[in-house]
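Source file: upload.cif (mmCIF, C-alpha atoms)
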data_structure
loop_
_atom_site.label_atom_id
_atom_site.label_comp_id
_atom_site.auth_asym_id
_atom_site.auth_seq_id
_atom_site.Cartn_x
_atom_site.Cartn_y
_atom_site.Cartn_z
CA MET N 9 33.22 -127.29 80.11
CA PRO N 10 36.36 -125.26 80.72
CA THR N 11 36.23 -121.60 81.57
CA LYS N 12 39.03 -119.18 80.84
CA LEU N 13 39.27 -115.50 81.73
CA TRP N 14 40.16 -113.43 78.66
CA PHE N 15 41.72 -110.69 77.46
CA ALA N 16 42.71 -107.06 77.94
CA PRO N 17 43.08 -106.19 74.26
CA LEU N 18 46.33 -105.11 72.63
CA VAL N 19 46.32 -103.91 69.07
CA ALA N 20 48.83 -105.05 66.46
CA LEU N 21 47.70 -104.02 62.99
CA ALA N 22 49.16 -105.11 59.66
CA LEU N 23 48.38 -103.46 56.36
CA ALA N 24 47.77 -105.09 52.99
CA ALA N 25 45.70 -104.34 49.90
CA LEU N 26 42.73 -106.51 48.92
CA ALA N 27 40.10 -106.04 46.27
CA CYS N 28 36.56 -105.45 47.49
CA ASN N 29 34.77 -108.81 47.58
CA SER N 30 31.29 -107.54 46.75
CA GLY N 31 29.75 -109.72 44.04
CA LEU N 32 32.73 -112.03 43.58
CA PRO N 33 32.04 -115.70 42.87
CA ALA N 34 32.57 -118.32 45.57
CA GLY N 35 36.16 -119.54 45.75
CA THR N 36 37.69 -116.27 44.54
CA VAL N 37 41.03 -115.73 46.26
CA LEU N 38 40.94 -112.43 48.14
CA PHE N 39 44.42 -112.66 49.65
CA LYS N 40 47.11 -115.27 50.19
CA ASP N 41 50.60 -115.23 51.62
CA ASP N 42 53.11 -118.06 52.07
CA PHE N 43 55.46 -115.73 53.97
CA SER N 44 58.34 -116.67 51.68
CA ASP N 45 59.48 -113.05 52.00
CA ASP N 46 58.51 -110.05 54.09
CA SER N 47 56.98 -108.03 51.27
CA GLY N 48 53.52 -109.59 51.34
CA GLY N 49 51.85 -106.50 52.75
CA TRP N 50 52.00 -107.33 56.46
CA GLN N 51 53.40 -104.79 58.87
CA TYR N 52 55.61 -106.52 61.43
CA THR N 53 55.30 -105.03 64.91
CA SER N 54 56.60 -105.84 68.38
CA TYR N 55 53.95 -108.59 68.47
CA SER N 56 54.24 -109.95 64.93
CA THR N 57 57.44 -110.57 63.02
CA PHE N 58 58.64 -112.32 59.90
CA GLU N 59 60.96 -115.22 60.74
CA GLY N 60 62.18 -118.12 58.63
CA GLY N 61 59.46 -117.92 56.02
CA ARG N 62 56.64 -117.79 58.56
CA MET N 63 54.71 -115.17 60.50
CA GLN N 64 55.45 -115.31 64.22
CA VAL N 65 53.10 -113.66 66.71
CA LYS N 66 54.29 -113.34 70.32
CA ASN N 67 52.29 -112.43 73.41
CA ASP N 68 54.31 -111.80 76.56
CA GLU N 69 51.50 -110.48 78.75
CA LYS N 70 49.17 -112.90 80.51
CA GLY N 71 45.46 -112.30 80.20
CA THR N 72 45.75 -110.59 76.82
CA LEU N 73 45.13 -111.10 73.13
CA VAL N 74 47.25 -109.67 70.33
CA ARG N 75 46.33 -109.70 66.68
CA THR N 76 47.59 -108.75 63.26
CA VAL N 77 45.11 -108.02 60.48
CA ILE N 78 44.92 -107.16 56.81
CA ASP N 79 43.43 -103.70 56.50
CA GLU N 80 40.54 -104.09 54.08
CA PRO N 81 37.23 -102.87 55.50
CA GLY N 82 34.10 -104.51 54.20
CA LEU N 83 35.20 -108.10 53.62
CA ALA N 84 32.17 -110.32 54.15
CA ASP N 85 31.27 -113.99 53.65
CA VAL N 86 34.87 -115.17 53.88
CA HIS N 87 36.64 -118.49 54.29
CA LEU N 88 40.04 -118.28 56.00
CA GLU N 89 42.82 -120.85 56.32
CA VAL N 90 46.25 -120.90 57.93
CA SER N 91 48.82 -123.44 59.11
CA ALA N 92 49.60 -122.76 62.77
CA GLN N 93 52.00 -124.11 65.37
CA ASN N 94 52.49 -123.35 69.06
CA THR N 95 56.03 -122.01 69.60
CA GLY N 96 55.82 -120.50 73.09
CA SER N 97 56.00 -121.94 76.59
CA ALA N 98 52.57 -120.87 77.87
CA SER N 99 50.38 -123.93 78.36
CA ASP N 100 47.15 -121.93 78.10
CA VAL N 101 47.86 -120.38 74.70
CA VAL N 102 45.05 -119.99 72.17
CA PHE N 103 45.84 -119.05 68.57
CA GLY N 104 43.94 -118.79 65.33
CA LEU N 105 41.99 -116.56 62.97
CA VAL N 106 40.25 -113.19 63.16
CA CYS N 107 37.36 -111.99 60.99
CA ASP N 108 34.96 -109.02 60.77
CA PHE N 109 37.58 -106.75 62.38
CA SER N 110 37.00 -103.00 62.51
CA ILE N 111 37.92 -100.02 64.67
CA SER N 112 35.54 -97.19 65.50
CA ASN N 113 36.37 -94.37 67.92
CA ASP N 114 39.56 -96.22 68.90
CA GLN N 115 37.57 -99.31 69.89
CA ALA N 116 38.11 -102.63 68.13
CA SER N 117 35.39 -105.13 67.24
CA TYR N 118 35.95 -108.62 65.80
CA TYR N 119 35.37 -112.36 66.01
CA PHE N 120 38.22 -114.73 66.86
CA LEU N 121 38.33 -118.50 66.37
CA GLY N 122 41.18 -120.62 67.66
CA ILE N 123 42.60 -123.58 69.51
CA GLY N 124 45.06 -124.44 72.27
CA THR N 125 47.43 -127.37 72.25
CA ASP N 126 45.51 -129.23 74.97
CA GLY N 127 42.46 -129.79 72.79
CA TYR N 128 40.84 -126.53 73.91
CA TYR N 129 38.96 -124.49 71.33
CA MET N 130 37.19 -121.16 71.49
CA VAL N 131 35.06 -118.85 69.40
CA GLY N 132 34.53 -115.38 70.80
CA LYS N 133 33.77 -111.79 69.95
CA TYR N 134 35.19 -108.53 71.16
CA ILE N 135 33.02 -105.44 70.77
CA ASP N 136 33.72 -101.97 72.13
CA GLY N 137 35.76 -103.14 75.11
CA ASN N 138 33.62 -106.16 75.97
CA LEU N 139 34.71 -109.74 75.30
CA THR N 140 32.13 -112.51 75.02
CA THR N 141 32.81 -116.22 74.72
CA LEU N 142 30.41 -117.64 72.14
CA THR N 143 31.51 -121.24 72.61
CA GLU N 144 34.41 -123.14 74.19
CA ASP N 145 35.15 -126.79 74.92
CA THR N 146 37.80 -129.46 74.42
CA ASN N 147 38.44 -131.91 71.61
CA GLY N 148 40.87 -134.78 71.92
CA SER N 149 41.95 -134.72 68.28
CA PHE N 150 44.45 -131.85 68.64
CA THR N 151 46.57 -132.25 71.77
CA ASP N 152 50.10 -132.32 70.34
CA GLU N 153 51.96 -129.28 71.67
CA THR N 154 54.44 -129.25 68.79
CA ALA N 155 52.20 -130.17 65.86
CA THR N 156 51.27 -127.87 63.00
CA TYR N 157 47.52 -127.67 62.49
CA ARG N 158 45.59 -126.41 59.49
CA LEU N 159 43.03 -124.03 60.93
CA ALA N 160 40.08 -122.70 58.96
CA ALA N 161 37.19 -120.37 59.68
CA ASP N 162 34.00 -119.41 57.90
CA CYS N 163 32.48 -116.05 58.78
CA SER N 164 29.26 -115.58 56.87
CA ASN N 165 25.66 -114.49 57.37
CA GLY N 166 25.87 -114.32 61.14
CA VAL N 167 27.54 -117.73 61.55
CA GLN N 168 31.14 -118.36 62.67
CA THR N 169 32.56 -121.87 62.09
CA LEU N 170 35.94 -123.26 63.14
CA TYR N 171 37.71 -126.21 61.49
CA VAL N 172 40.87 -128.06 62.50
CA ASP N 173 42.61 -130.21 59.88
CA GLY N 174 39.45 -130.25 57.77
CA GLN N 175 37.10 -131.26 60.60
CA GLN N 176 34.46 -128.89 61.95
CA VAL N 177 34.89 -128.46 65.71
CA ALA N 178 32.63 -125.50 66.51
CA SER N 179 29.91 -123.32 65.04
CA THR N 180 28.19 -120.31 66.56
CA ALA N 181 25.47 -117.92 65.45
CA ASP N 182 26.05 -114.26 66.19
CA ALA N 183 24.99 -111.39 63.94
CA ALA N 184 26.59 -108.48 65.78
CA LEU N 185 29.31 -108.09 63.14
CA SER N 186 29.02 -108.75 59.43
CA ASN N 187 32.18 -107.53 57.67
CA GLY N 188 35.66 -106.14 58.17
CA ASP N 189 39.32 -107.08 58.11
CA VAL N 190 40.74 -110.58 58.57
CA GLY N 191 43.89 -111.81 60.28
CA LEU N 192 45.54 -113.79 63.07
CA PHE N 193 45.68 -113.77 66.86
CA VAL N 194 47.51 -115.22 69.85
CA GLY N 195 46.02 -115.09 73.36
CA THR N 196 46.96 -116.31 76.81
CA ASP N 197 45.09 -116.40 80.10
CA LYS N 198 47.28 -116.76 83.18
CA GLN N 199 50.72 -117.37 81.69
CA ALA N 200 53.15 -115.21 79.74
CA ASP N 201 55.36 -116.21 76.82
CA ALA N 202 52.64 -117.30 74.42
CA ALA N 203 53.61 -117.54 70.76
CA ALA N 204 52.56 -119.19 67.53
CA THR N 205 53.90 -119.30 64.01
CA PHE N 206 51.67 -119.11 60.95
CA ASP N 207 52.17 -120.10 57.33
CA ASN N 208 50.21 -120.29 54.06
CA PHE N 209 47.46 -117.84 54.93
CA LEU N 210 44.50 -117.87 52.55
CA ALA N 211 41.31 -115.83 52.34
CA THR N 212 38.65 -116.73 49.77
CA GLN N 213 35.13 -115.68 48.95
CA LEU N 214 32.68 -118.05 50.64
CA LYS N 215 29.58 -117.22 48.64
#

In structure tokens, what does this structure look like?
Amino acid sequence: MPTKLWFAPLVALALAALACNSGLPAGTVLFKDDFSDDSGGWQYTSYSTFEGGRMQVKNDEKGTLVRTVIDEPGLADVHLEVSAQNTGSASDVVFGLVCDFSISNDQASYYFLGIGTDGYYMVGKYIDGNLTTLTEDTNGSFTDETATYRLAADCSNGVQTLYVDGQQVASTADAALSNGDVGLFVGTDKQADAAATFDNFLATQLK
């Protein structure tokens, strides 16, 4: 099983308005964005920009993770989807989805679920300055460095599940976090110039 050393955190926050999801029926759309224009509520920073109808997130510092989130505290039991493509030169890039994100006393806490382009996948959590890998491994079904993959994540009731192109590839059980913002991330271990583009982001009520 591969081991990767991860990340000194860097914060890149994006703001958008979502309705509180308490009591909403399963399948209710909480937020969606096809990035057809730059007015969808995301704040583009030095890490995340709007380019060509897609969100691009760049990470130029090795051993780090950058993220962009939708600021809506309290989202729980969510299903997330996004189309994602590697667009950087770093071979150890990991990119994907963030859930249960919050900041307290200037410290971020969240789960992140993502893949590399060598079949690597990872589910982890970052809490108060400490990063923990919940699961990581490789899967031969996603090894195309230029392909666009449909990534999905379920974050609900202490379980975090990652899907790639409709197939479940990982599931972990961790109850440290239960609600928060949702968003996107790009990380790299030992190489700089990591980047990914994202399109057709969707967040729905899971249950």

- Item | One-decimal distance in Å that lies between atom CA of N:Ser99 and atom CA of N:Ala211 | 28.7 Å

- Is there a way to get, as a ChimeraX atom specification, all residues within 8 Å of the point (35.4, -106.8, 61.3) in file coordinates, counting only C-alpha atoms? /N:81-83,107-111,117-119,185-190

What would the list of residues within 7 Å of (52.3, -124.3, 62.3) (file frame) look like as an mmCIF file with C-alpha atoms, in the frame of the given file, if all atoms listed in the file are what count?
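Below you can see result.cif, which holds the result:
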data_model
loop_
_atom_site.group_PDB
_atom_site.id
_atom_site.type_symbol
_atom_site.label_atom_id
_atom_site.label_comp_id
_atom_site.auth_asym_id
_atom_site.auth_seq_id
_atom_site.Cartn_x
_atom_site.Cartn_y
_atom_site.Cartn_z
ATOM 1 C CA SER N 91 48.820 -123.440 59.110
ATOM 2 C CA ALA N 92 49.600 -122.760 62.770
ATOM 3 C CA GLN N 93 52.000 -124.110 65.370
ATOM 4 C CA ASN N 94 52.490 -123.350 69.060
ATOM 5 C CA ALA N 155 52.200 -130.170 65.860
ATOM 6 C CA THR N 156 51.270 -127.870 63.000
ATOM 7 C CA TYR N 157 47.520 -127.670 62.490
ATOM 8 C CA THR N 205 53.900 -119.300 64.010
ATOM 9 C CA PHE N 206 51.670 -119.110 60.950
ATOM 10 C CA ASP N 207 52.170 -120.100 57.330
#

- Query: Counting all atoms listed in the file, which of N:Arg62, N:Lys133, N:Arg75, N:His87 gets nearest to N:Leu214?
  - Reply: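 Nearest to N:Leu214: N:His87.
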
- For N:Phe39, which residue out of N:Tyr171, N:Phe193, N:Phe103, N:Phe209 is the nearest one, using all atoms listed in the file?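 Checking each candidate against N:Phe39, we get N:Phe209 as the closest.
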
- Go through N:Glu89, N:Glu69, N:Asp145, N:Asp41 one by one, measure the shortest atom-to-atom distance of each to N:Asp162 using all atoms listed in the file, and give the residue with the smallest value.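 Answer, going by the shortest atom-to-atom distance: N:Glu89.
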
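When only C-alpha atoms are used to compute distances to N:Leu121, the closest of the residues N:Thr151, N:Thr196, N:Ser97, N:Thr169 turns out to be N:Thr169.
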
- Message: As an exercise, work out the distance from atom CA of N:Ala202 to atom CA of N:Phe150 in Å and give it to one decimal place.
- Response: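 If I compute the distance from atom CA of N:Ala202 to atom CA of N:Phe150, I get 17.7 Å.
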
- Message: Evaluate the PyMOL selection byres ((chain N and resi 164) around 8) against this structure - the residues, as a VMD selection string, please.
- Response: chain N and resid 84 to 86 162 to 163 165 to 168 186 214

- Message: So the first atom is atom CA of N:Ala160 and the second is atom CA of N:Asp182; what is the distance between them in Å, to one decimal place?
- Response: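 Separation between atom CA of N:Ala160 and atom CA of N:Asp182: 17.9 Å.
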
- Query: Skipping near chain neighbours, those fewer than 4 positions away, what residues fall within 12 Å of N:Leu170 using all atoms listed in the file, listed as number ranges by chain?
  - Reply: N: 87-90, 104-107, 119-123, 129-132, 142-144, 158-164, 174-181

Could you give me the centre and size, in Å to one decimal, of an axis-aligned box around all listed atoms of stretch 123-136 of chain N with 5 Å added on every side, as lines of an AutoDock Vina configuration file?
center_x = 40.2
center_y = -115.9
center_z = 72.2
size_x = 24.4
size_y = 37.8
size_z = 15.6

Evaluate the PyMOL selection byres ((chain N and resi 148) around 9) here and jot the selected residues down as a PDB file with C-alpha atoms, in the coordinates of the input.
ATOM      1  CA  ASP N 126      45.510-129.230  74.970  1.00  0.00           C
ATOM      2  CA  GLY N 127      42.460-129.790  72.790  1.00  0.00           C
ATOM      3  CA  TYR N 128      40.840-126.530  73.910  1.00  0.00           C
ATOM      4  CA  THR N 146      37.800-129.460  74.420  1.00  0.00           C
ATOM      5  CA  ASN N 147      38.440-131.910  71.610  1.00  0.00           C
ATOM      6  CA  SER N 149      41.950-134.720  68.280  1.00  0.00           C
ATOM      7  CA  PHE N 150      44.450-131.850  68.640  1.00  0.00           C
ATOM      8  CA  THR N 151      46.570-132.250  71.770  1.00  0.00           C
TER       9      THR N 151
END
